[in-house]
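Asks: I have a structure here, written as structure tokens, and I will follow up with some questions on it.
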Amino acid sequence: MLNSHSILVIGGTGMLGEPVARSLCADGYQVRVFTRTPDKSRAKFGVDYEIVAGNIEDRLSLDAALKGCWGVHINLDGGADPDLERRGVENIAHSAVKAGIERISYISGASVREENCWFEGTRAKFQAEAAIRASGVPYMIFKPSFFMESLPRYVRGKRASVIGKQAHPWYWVAARDYARMVSKAYATPEAVNKDLFIQGPEAYTMLEALKKYCAIVHPDTTVSSLPLWVAAMIARLARQKELQNALPFFRYTEKVREEGNSKETNALLGAPTTTLGQWCKLQVGKEQ
Ligand SMILES: NC(=O)c1ccc[n+]([C@@H]2O[C@H](COP(=O)([O-])OP(=O)(O)OC[C@H]3O[C@@H](n4cnc5c(N)ncnc54)[C@H](OP(=O)(O)O)[C@@H]3O)[C@@H](O)[C@H]2O)c1
């Protein structure tokens, strides 16, 4: 398909931004990747992509990057500074209005609702969504479940652990299915001004998903579930900053559950098809 529309992908270097950038490019869009590290990104993406340097905290760099674009896809993660996502999206929405952008899409999350805003990361996303809706630019807000691509993060050496009770099932989705759906949404006028819940074909609790992943990809790994208080003690005694930083997320996911319904998204964009087993088999060899 030939497509003259340019789409700026903010966070196009990210784990979930890159597959979207590649899917849009494969569908014929002119893709511009916005990044703080342009040299690294040029090496990663090659000549089919335009790379622009910028920072979402710098409105001038956003104004320049959005010039001539038809759409903008936002894929952000503030890491230790969750509010970065709110500040960044507010800046992007402001610049998008000025630039006359006609589509704005954003990766939020399945549990982003007002009652869950006690968690800082969710509050930032909730406020980011509000900024997009208030901008008046036609939008698509994606609310995906957990991504299969995050499972490797639970593995450390020969041990893999889920922290906390994590009793609720989630519809794990593969990034390639999500990326295809984002690109399709850009060509689907009925997807505009909607919250689009994205759920994979099967539901598993975190522990079930991790066990399945390790059985196929890391068969010599021991999988266990650690109570939150034990993980907190290990983090403190062993001065494990990464584990310490991860604890609020696990406290959050212990409490919330997936309540969105993906029926409308699937009818508009085609349902995700990759099962966890299929995805895991594709990882064998890649991760070793
Ligand atoms: N993992 C899951 O299961 C899951 C489920 C639902 C939703 N999500 C959401 O998906 C989102 C994206 O996740 P991800 O894994 O793709 O994150 P990631 O790999 O950490 O990527 C984050 C991106 O943000 C960009 N970025 C950060 N600060 C920036 C700044 N100041 N200016 C410009 N760009 C900046 C980075 O670009 P550069 O470094 O190139 O500048 C990078 O490409 C997150 O908000 C996450 O909550 C994840």
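Residues in the structure tokens are numbered from 1 in each chain, the chains being A, B, ... in the order shown, and ligands are numbered from 1 in the order shown.
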Extract, using only C-alpha atoms, all DNA, RNA and protein residues at most 8 Å from stretch 256-269 of chain A, discarding same-chain residues fewer than 2 positions from it, and format them as a PyMOL selection string.
Replies: chain A and resi 110-111+116+145+168-170+181+184-185+188+190-191+196-199+252-254+271-272
Asks: Select the residues contacting ligand 1 at a distance of at most 7 Å, based on only C-alpha atoms and all ligand atoms, then format the selection as a VMD selection string.
Replies: chain A and resid 10 to 17 34 to 37 54 to 57 75 to 79 107 to 110 143 to 150
Asks: Show which residues sit within 12 Å of A:Ala65, as a ChimeraX atom specification. Count only C-alpha atoms, and ignore same-chain residues fewer than 4 positions away.
Replies: /A:6-10,31-35,50-56,58-61,69-72,92,95-96,99,101
Asks: Can you list, as a VMD selection string, all residues belonging to stretch 123-261 of chain A that DSSP tags as strand (DSSP E)?
Replies: chain A and resid 139 to 144 155 to 156 159 to 163 170 to 171 194 to 198 203 to 204 222 to 226
Asks: With distances taken over only C-alpha atoms, which of A:Arg86, A:Lys67, A:Lys241, A:Arg133 is nearest to A:Glu120?
Replies: A:Arg86
